file input_13.cif (mmCIF, C-alpha atoms)
data_target
#
loop_
_atom_site.group_PDB
_atom_site.id
_atom_site.type_symbol
_atom_site.label_atom_id
_atom_site.label_comp_id
_atom_site.auth_asym_id
_atom_site.auth_seq_id
_atom_site.Cartn_x
_atom_site.Cartn_y
_atom_site.Cartn_z
ATOM 1 C CA MET A 13 0.000 0.000 0.000
ATOM 2 C CA LEU A 14 1.451 3.317 -1.116
ATOM 3 C CA ILE A 15 0.901 6.530 0.794
ATOM 4 C CA ILE A 16 1.060 9.128 -1.978
ATOM 5 C CA PRO A 17 1.659 12.800 -1.153
ATOM 6 C CA ALA A 18 -0.384 15.198 -3.262
ATOM 7 C CA ILE A 19 0.974 18.382 -4.781
ATOM 8 C CA ASP A 20 -1.915 20.494 -6.033
ATOM 9 C CA LEU A 21 -0.867 23.425 -8.192
ATOM 10 C CA LYS A 22 -2.651 26.741 -8.555
ATOM 11 C CA ASP A 23 -0.965 29.750 -10.165
ATOM 12 C CA GLY A 24 2.409 28.018 -9.837
ATOM 13 C CA GLN A 25 2.005 27.510 -6.085
ATOM 14 C CA CYS A 26 1.346 24.450 -3.958
ATOM 15 C CA VAL A 27 -2.133 24.631 -2.438
ATOM 16 C CA ARG A 28 -4.880 22.525 -0.930
ATOM 17 C CA LEU A 29 -8.585 22.950 -1.543
ATOM 18 C CA LYS A 30 -11.639 22.055 0.494
ATOM 19 C CA GLN A 31 -14.187 20.052 -1.486
ATOM 20 C CA GLY A 32 -12.628 21.175 -4.760
ATOM 21 C CA VAL A 33 -13.543 24.862 -4.365
ATOM 22 C CA MET A 34 -10.827 27.060 -5.880
ATOM 23 C CA GLU A 35 -11.776 29.984 -3.624
ATOM 24 C CA ASN A 36 -11.005 27.773 -0.599
ATOM 25 C CA ALA A 37 -7.330 27.385 -1.567
ATOM 26 C CA THR A 38 -4.672 27.481 1.131
ATOM 27 C CA VAL A 39 -1.159 28.173 -0.147
ATOM 28 C CA PHE A 40 1.455 25.878 1.418
ATOM 29 C CA SER A 41 4.490 26.738 -0.687
ATOM 30 C CA GLU A 42 5.590 28.886 -3.588
ATOM 31 C CA ASP A 43 8.288 26.351 -4.541
ATOM 32 C CA PRO A 44 6.777 23.129 -5.967
ATOM 33 C CA GLY A 45 10.208 21.659 -6.679
ATOM 34 C CA ALA A 46 11.217 22.035 -3.051
ATOM 35 C CA ILE A 47 8.015 20.356 -1.884
ATOM 36 C CA ALA A 48 8.635 17.422 -4.248
ATOM 37 C CA SER A 49 12.207 17.106 -2.969
ATOM 38 C CA HIS A 50 10.904 17.116 0.599
ATOM 39 C CA TRP A 51 8.586 14.176 -0.011
ATOM 40 C CA LEU A 52 11.335 12.304 -1.817
ATOM 41 C CA SER A 53 13.619 12.788 1.182
ATOM 42 C CA GLN A 54 10.837 11.519 3.466
ATOM 43 C CA GLY A 55 10.702 8.251 1.553
ATOM 44 C CA ALA A 56 7.740 8.798 -0.752
ATOM 45 C CA ARG A 57 7.553 6.201 -3.522
ATOM 46 C CA ARG A 58 5.180 8.149 -5.762
ATOM 47 C CA LEU A 59 3.829 11.703 -6.091
ATOM 48 C CA HIS A 60 0.362 12.805 -7.158
ATOM 49 C CA LEU A 61 0.308 16.097 -9.081
ATOM 50 C CA VAL A 62 -2.760 18.112 -10.064
ATOM 51 C CA ASP A 63 -2.902 21.171 -12.299
ATOM 52 C CA LEU A 64 -5.925 22.802 -10.663
ATOM 53 C CA ASN A 65 -6.060 25.740 -13.058
ATOM 54 C CA GLY A 66 -5.835 23.282 -15.916
ATOM 55 C CA ALA A 67 -8.731 21.224 -14.575
ATOM 56 C CA PHE A 68 -10.989 24.263 -14.764
ATOM 57 C CA ALA A 69 -9.571 25.699 -17.995
ATOM 58 C CA GLY A 70 -9.458 22.417 -19.891
ATOM 59 C CA ARG A 71 -5.819 22.888 -20.873
ATOM 60 C CA PRO A 72 -2.451 22.880 -19.054
ATOM 61 C CA LYS A 73 -1.791 25.948 -16.924
ATOM 62 C CA ASN A 74 1.049 24.976 -14.578
ATOM 63 C CA GLU A 75 3.595 23.350 -16.867
ATOM 64 C CA PRO A 76 6.589 25.369 -15.550
ATOM 65 C CA ALA A 77 5.838 24.221 -11.987
ATOM 66 C CA ILE A 78 5.388 20.647 -13.170
ATOM 67 C CA ARG A 79 8.736 20.747 -14.954
ATOM 68 C CA ASP A 80 10.321 22.105 -11.749
ATOM 69 C CA ILE A 81 8.959 19.109 -9.857
ATOM 70 C CA VAL A 82 10.243 16.596 -12.402
ATOM 71 C CA GLU A 83 13.639 18.277 -12.466
ATOM 72 C CA ALA A 84 13.804 18.222 -8.663
ATOM 73 C CA ILE A 85 13.161 14.481 -8.291
ATOM 74 C CA GLY A 86 14.509 13.197 -11.607
ATOM 75 C CA ASP A 87 13.558 9.572 -12.177
ATOM 76 C CA GLU A 88 13.852 8.609 -8.519
ATOM 77 C CA ILE A 89 10.136 7.881 -8.090
ATOM 78 C CA PRO A 90 7.081 7.768 -10.376
ATOM 79 C CA THR A 91 4.790 10.750 -10.754
ATOM 80 C CA GLN A 92 1.138 10.801 -11.749
ATOM 81 C CA LEU A 93 -0.402 13.976 -13.146
ATOM 82 C CA GLY A 94 -3.921 15.156 -13.886
ATOM 83 C CA GLY A 95 -5.735 18.378 -14.688
ATOM 84 C CA GLY A 96 -6.687 19.820 -18.068
ATOM 85 C CA ILE A 97 -5.341 16.968 -20.193
ATOM 86 C CA ARG A 98 -7.577 16.771 -23.239
ATOM 87 C CA ASP A 99 -5.430 15.676 -26.204
ATOM 88 C CA LEU A 100 -2.743 13.185 -27.183
ATOM 89 C CA GLU A 101 -0.166 15.907 -27.842
ATOM 90 C CA THR A 102 -0.352 17.072 -24.240
ATOM 91 C CA ILE A 103 0.055 13.522 -22.981
ATOM 92 C CA GLU A 104 3.092 12.966 -25.170
ATOM 93 C CA ARG A 105 4.657 16.234 -24.034
ATOM 94 C CA TYR A 106 4.196 15.423 -20.346
ATOM 95 C CA LEU A 107 5.577 11.906 -20.763
ATOM 96 C CA ASP A 108 8.563 13.311 -22.658
ATOM 97 C CA ASP A 109 9.093 15.765 -19.783
ATOM 98 C CA GLY A 110 9.368 12.843 -17.374
ATOM 99 C CA ILE A 111 5.876 12.338 -15.941
ATOM 100 C CA THR A 112 5.197 8.609 -15.452
ATOM 101 C CA TYR A 113 1.419 8.352 -15.443
ATOM 102 C CA ILE A 114 -1.211 10.620 -16.967
ATOM 103 C CA ILE A 115 -4.560 10.929 -15.224
ATOM 104 C CA ILE A 116 -7.539 11.649 -17.442
ATOM 105 C CA GLY A 117 -10.690 12.788 -15.692
ATOM 106 C CA THR A 118 -13.269 15.020 -17.351
ATOM 107 C CA ALA A 119 -12.172 14.073 -20.868
ATOM 108 C CA ALA A 120 -12.615 10.375 -20.075
ATOM 109 C CA VAL A 121 -16.244 10.989 -19.172
ATOM 110 C CA LYS A 122 -17.089 13.476 -21.916
ATOM 111 C CA THR A 123 -15.079 11.960 -24.772
ATOM 112 C CA PRO A 124 -14.404 8.288 -24.007
ATOM 113 C CA GLY A 125 -13.018 7.865 -27.516
ATOM 114 C CA PHE A 126 -10.113 10.087 -26.491
ATOM 115 C CA LEU A 127 -9.403 7.871 -23.489
ATOM 116 C CA HIS A 128 -9.496 4.804 -25.703
ATOM 117 C CA ASP A 129 -7.033 6.408 -28.124
ATOM 118 C CA ALA A 130 -4.760 7.447 -25.246
ATOM 119 C CA CYS A 131 -4.650 3.898 -23.855
ATOM 120 C CA ASN A 132 -3.742 2.581 -27.281
ATOM 121 C CA ALA A 133 -1.115 5.251 -27.958
ATOM 122 C CA PHE A 134 0.505 5.198 -24.509
ATOM 123 C CA PRO A 135 -0.092 1.742 -22.995
ATOM 124 C CA GLY A 136 0.909 1.457 -19.358
ATOM 125 C CA HIS A 137 0.823 5.201 -18.765
ATOM 126 C CA ILE A 138 -2.866 6.112 -18.530
ATOM 127 C CA MET A 139 -4.991 6.286 -15.392
ATOM 128 C CA VAL A 140 -8.514 7.597 -14.930
ATOM 129 C CA GLY A 141 -9.571 9.910 -12.144
ATOM 130 C CA LEU A 142 -13.189 9.418 -11.130
ATOM 131 C CA ASP A 143 -14.363 12.090 -8.719
ATOM 132 C CA ALA A 144 -17.777 11.506 -7.260
ATOM 133 C CA LYS A 145 -20.481 12.941 -5.076
ATOM 134 C CA ASP A 146 -23.086 10.521 -3.746
ATOM 135 C CA GLY A 147 -21.878 7.879 -6.202
ATOM 136 C CA LYS A 148 -22.214 10.094 -9.288
ATOM 137 C CA VAL A 149 -19.217 11.265 -11.313
ATOM 138 C CA ALA A 150 -18.332 14.969 -11.357
ATOM 139 C CA VAL A 151 -16.470 16.775 -14.146
ATOM 140 C CA ASN A 152 -14.990 20.192 -14.986
ATOM 141 C CA GLY A 153 -12.944 20.540 -11.814
ATOM 142 C CA TRP A 154 -15.821 19.045 -9.797
ATOM 143 C CA SER A 155 -18.087 21.933 -10.768
ATOM 144 C CA LYS A 156 -20.680 19.711 -12.497
ATOM 145 C CA VAL A 157 -22.133 16.425 -11.260
ATOM 146 C CA THR A 158 -23.232 14.064 -14.039
ATOM 147 C CA GLY A 159 -25.686 11.189 -13.968
ATOM 148 C CA HIS A 160 -22.958 8.607 -14.555
ATOM 149 C CA ASP A 161 -22.494 5.890 -11.953
ATOM 150 C CA VAL A 162 -18.890 5.513 -10.744
ATOM 151 C CA VAL A 163 -18.760 1.710 -10.880
ATOM 152 C CA ASP A 164 -20.323 1.478 -14.333
ATOM 153 C CA LEU A 165 -17.891 3.974 -15.828
ATOM 154 C CA ALA A 166 -14.903 2.372 -14.115
ATOM 155 C CA LYS A 167 -15.754 -1.021 -15.610
ATOM 156 C CA LYS A 168 -15.998 0.529 -19.055
ATOM 157 C CA PHE A 169 -12.637 2.276 -18.717
ATOM 158 C CA GLN A 170 -11.023 -0.868 -17.344
ATOM 159 C CA ASP A 171 -11.845 -2.556 -20.630
ATOM 160 C CA TYR A 172 -10.024 0.240 -22.458
ATOM 161 C CA GLY A 173 -6.779 -0.733 -20.729
ATOM 162 C CA VAL A 174 -6.246 1.957 -18.079
ATOM 163 C CA GLU A 175 -3.644 1.209 -15.409
ATOM 164 C CA ALA A 176 -5.681 2.211 -12.376
ATOM 165 C CA ILE A 177 -8.675 4.190 -11.168
ATOM 166 C CA ILE A 178 -8.141 7.084 -8.772
ATOM 167 C CA TYR A 179 -11.337 7.484 -6.774
ATOM 168 C CA THR A 180 -12.077 10.711 -4.932
ATOM 169 C CA ASP A 181 -15.047 11.407 -2.718
ATOM 170 C CA ILE A 182 -15.557 15.138 -3.287
ATOM 171 C CA GLY A 183 -17.499 15.612 -0.089
ATOM 172 C CA ARG A 184 -14.518 14.473 1.959
ATOM 173 C CA ASP A 185 -11.636 15.964 0.000
ATOM 174 C CA GLY A 186 -9.542 18.288 2.129
ATOM 175 C CA MET A 187 -11.899 17.901 5.084
ATOM 176 C CA LEU A 188 -9.813 15.400 7.128
ATOM 177 C CA SER A 189 -13.081 13.585 7.847
ATOM 178 C CA GLY A 190 -11.999 10.082 6.905
ATOM 179 C CA VAL A 191 -12.012 8.098 3.685
ATOM 180 C CA ASN A 192 -15.274 6.844 2.227
ATOM 181 C CA VAL A 193 -14.087 3.272 2.732
ATOM 182 C CA GLU A 194 -17.391 1.639 1.808
ATOM 183 C CA ALA A 195 -17.605 3.314 -1.603
ATOM 184 C CA THR A 196 -13.912 2.777 -2.311
ATOM 185 C CA VAL A 197 -14.090 -0.925 -1.521
ATOM 186 C CA GLU A 198 -17.276 -1.334 -3.557
ATOM 187 C CA LEU A 199 -15.455 0.107 -6.551
ATOM 188 C CA ALA A 200 -12.314 -1.979 -6.009
ATOM 189 C CA ARG A 201 -14.320 -5.193 -5.732
ATOM 190 C CA ALA A 202 -16.006 -4.482 -9.055
ATOM 191 C CA LEU A 203 -12.686 -4.128 -10.905
ATOM 192 C CA THR A 204 -9.616 -6.184 -11.715
ATOM 193 C CA ILE A 205 -7.325 -3.143 -11.994
ATOM 194 C CA PRO A 206 -6.064 -1.332 -8.874
ATOM 195 C CA VAL A 207 -7.895 1.505 -7.163
ATOM 196 C CA ILE A 208 -6.138 4.435 -5.516
ATOM 197 C CA ALA A 209 -8.158 6.116 -2.779
ATOM 198 C CA SER A 210 -8.296 9.876 -2.392
ATOM 199 C CA GLY A 211 -10.194 12.379 -0.316
ATOM 200 C CA GLY A 212 -10.509 12.701 3.438
ATOM 201 C CA ILE A 213 -7.456 10.940 4.875
ATOM 202 C CA GLY A 214 -6.824 12.608 8.206
ATOM 203 C CA ASN A 215 -4.884 10.260 10.476
ATOM 204 C CA LEU A 216 -3.318 6.841 10.952
ATOM 205 C CA ASP A 217 -6.703 5.249 11.625
ATOM 206 C CA ASP A 218 -7.752 6.141 8.079
ATOM 207 C CA VAL A 219 -4.568 4.573 6.723
ATOM 208 C CA LYS A 220 -5.203 1.414 8.734
ATOM 209 C CA ALA A 221 -8.805 1.209 7.518
ATOM 210 C CA LEU A 222 -7.619 1.169 3.903
ATOM 211 C CA CYS A 223 -4.706 -1.185 4.536
ATOM 212 C CA ASP A 224 -7.051 -3.712 6.098
ATOM 213 C CA LEU A 225 -8.761 -3.884 2.703
ATOM 214 C CA GLU A 226 -5.649 -3.945 0.530
ATOM 215 C CA LEU A 227 -6.456 -7.407 -0.802
ATOM 216 C CA GLU A 228 -9.686 -6.022 -2.235
ATOM 217 C CA GLY A 229 -7.587 -4.145 -4.793
ATOM 218 C CA ILE A 230 -6.737 -0.831 -3.131
ATOM 219 C CA MET A 231 -3.085 -0.160 -3.972
ATOM 220 C CA GLY A 232 -2.578 3.299 -2.537
ATOM 221 C CA ALA A 233 -3.978 6.354 -0.828
ATOM 222 C CA ILE A 234 -3.435 9.971 -1.825
ATOM 223 C CA THR A 235 -3.233 12.516 0.957
ATOM 224 C CA GLY A 236 -2.499 16.215 1.024
ATOM 225 C CA ARG A 237 -3.980 18.525 3.637
ATOM 226 C CA ALA A 238 -3.387 16.075 6.489
ATOM 227 C CA LEU A 239 0.324 15.990 5.637
ATOM 228 C CA TYR A 240 0.735 19.727 5.170
ATOM 229 C CA GLU A 241 -1.136 20.616 8.351
ATOM 230 C CA GLY A 242 0.710 18.025 10.441
ATOM 231 C CA ALA A 243 -2.292 15.836 11.232
ATOM 232 C CA LEU A 244 -0.572 12.891 9.529
ATOM 233 C CA ASP A 245 3.130 12.088 9.676
ATOM 234 C CA PHE A 246 4.180 10.659 6.317
ATOM 235 C CA LYS A 247 6.957 8.390 7.578
ATOM 236 C CA ARG A 248 4.732 6.888 10.261
ATOM 237 C CA ALA A 249 1.890 6.435 7.788
ATOM 238 C CA GLN A 250 4.038 4.629 5.209
ATOM 239 C CA ALA A 251 5.705 2.528 7.914
ATOM 240 C CA LEU A 252 2.277 1.488 9.209
ATOM 241 C CA ALA A 253 1.115 0.669 5.684
ATOM 242 C CA ASP A 254 4.222 -1.441 5.075
ATOM 243 C CA GLU A 255 3.817 -3.257 8.384
ATOM 244 C CA LEU A 256 0.161 -4.059 7.745
ATOM 245 C CA SER A 257 0.863 -5.133 4.157
ATOM 246 C CA MET A 258 3.508 -7.573 5.360
ATOM 247 C CA LYS A 259 1.119 -8.951 7.970
ATOM 248 C CA ILE A 260 -1.632 -9.394 5.379
ATOM 249 C CA SER A 261 0.755 -11.180 3.020
ATOM 250 C CA ARG A 262 2.042 -13.409 5.829
ATOM 251 C CA ASP A 263 -1.478 -14.304 6.977
ATOM 252 C CA LYS A 264 -2.518 -15.073 3.413
ATOM 253 C CA SER A 265 0.458 -17.387 2.871
ATOM 254 C CA LEU A 266 -0.419 -19.282 6.057
ATOM 255 C CA SER A 267 -4.087 -19.670 5.208
#
call {"tool": "encode", "arguments": {"input": "input_13.cif", "output": "structure tokens"}}
result
Amino acid sequence: MLIIPAIDLKDGQCVRLKQGVMENATVFSEDPGAIASHWLSQGARRLHLVDLNGAFAGRPKNEPAIRDIVEAIGDEIPTQLGGGIRDLETIERYLDDGITYIIIGTAAVKTPGFLHDACNAFPGHIMVGLDAKDGKVAVNGWSKVTGHDVVDLAKKFQDYGVEAIIYTDIGRDGMLSGVNVEATVELARALTIPVIASGGIGNLDDVKALCDLELEGIMGAITGRALYEGALDFKRAQALADELSMKISRDKSLS
């Protein structure tokens, strides 16, 4: 189980939002590269990057900051990036810059043919971000809730060949109120590809709750505000996840 620090970018700065509202942004740093280096030094094995401006604009808006992050960490650990990615040229440019995985969100829902083309053109590098409220998928930087069911869409995209589904409960994002474990597990059980949980992680109990269900197909958990505000210590969280994963593997081998 990976604990994945989030670096959300707005106007070139590192911020965190509450429930996806841009006006509720709290600036944590003006140096994204330094933040990425910090998490690398803490032992992070993957970083989650979001171009928030891009998510709303429908096109990349924080490329200089993203390049700073990639330059700061090199190829030490994988990075996954989402926000405003709507065409194959943008995907190719980001991959050439050193990003490992591309997360497609709104475009996957609105133009599934684009997602299908992306999976074919860049196999092994495409993930889908499904952000939901009350089980329904939201698009356009979470500003519009659609009638699409999360599980149904995820199954469809799995067939396209995506690497993983990143599932975010909008109502809990940035609120430190705990992960929506029930919905996350329901999604993971319906799929054969991994699910990465996001939204609401506030403490070690939340990490443990997800780790206990790792065998259901939950491979990681993205967390941001809890780390930046000191509610969750990254090293302790990853150590706990590693310890529980080893215990689960040991128990499974004995059963």
call {"tool": "closest_residue", "arguments": {"input": "input_13.cif", "among": "A:Glu241, A:Ala176, A:Leu165, A:Tyr106", "to": "Val140 of chain A", "atoms": "all atoms listed in the file"}}
result
A:Ala176
call {"tool": "closest_residue", "arguments": {"input": "input_13.cif", "among": "A:Leu14, A:Leu59, A:Leu64, A:Met258", "to": "Pro206 of chain A", "atoms": "all atoms listed in the file"}}
result
A:Leu14
call {"tool": "resolve_selection", "arguments": {"input": "input_13.cif", "expression": "the PyMOL selection byres ((chain A and resi 89) around 6)", "output": "number ranges by chain"}}
result
A: 57-58, 87-88, 90
call {"tool": "resolve_selection", "arguments": {"input": "input_13.cif", "expression": "the PyMOL selection byres ((chain A and resi 168) around 12)", "output": "PyMOL selection string"}}
result
chain A and resi 120-121+124-125+127-128+140+160-167+169-174+177+202-205
call {"tool": "closest_residue", "arguments": {"input": "input_13.cif", "among": "A:Leu29, A:Ile15, A:Leu225, A:Leu21", "to": "Lys73 of chain A", "atoms": "only C-alpha atoms"}}
result
A:Leu21
call {"tool": "atom_distance", "arguments": {"input": "input_13.cif", "atom1": "atom CA of Gly147 of chain A", "atom2": "atom CA of Pro135 of chain A"}}
result
28.2 Å
call {"tool": "resolve_selection", "arguments": {"input": "input_13.cif", "expression": "the PyMOL selection byres ((chain A and resi 37) around 10)", "output": "CSV table (one decimal) with C-alpha atoms, in the coordinates of the input"}}
result
chain,number,residue,atom,x,y,z
A,20,ASP,CA,-1.9,20.5,-6.0
A,22,LYS,CA,-2.7,26.7,-8.6
A,26,CYS,CA,1.3,24.4,-4.0
A,27,VAL,CA,-2.1,24.6,-2.4
A,28,ARG,CA,-4.9,22.5,-0.9
A,29,LEU,CA,-8.6,23.0,-1.5
A,30,LYS,CA,-11.6,22.1,0.5
A,32,GLY,CA,-12.6,21.2,-4.8
A,33,VAL,CA,-13.5,24.9,-4.4
A,34,MET,CA,-10.8,27.1,-5.9
A,35,GLU,CA,-11.8,30.0,-3.6
A,36,ASN,CA,-11.0,27.8,-0.6
A,38,THR,CA,-4.7,27.5,1.1
A,39,VAL,CA,-1.2,28.2,-0.1
A,40,PHE,CA,1.5,25.9,1.4
call {"tool": "atom_distance", "arguments": {"input": "input_13.cif", "atom1": "atom CA of Trp51 of chain A", "atom2": "atom CA of Leu199 of chain A"}}
result
28.6 Å
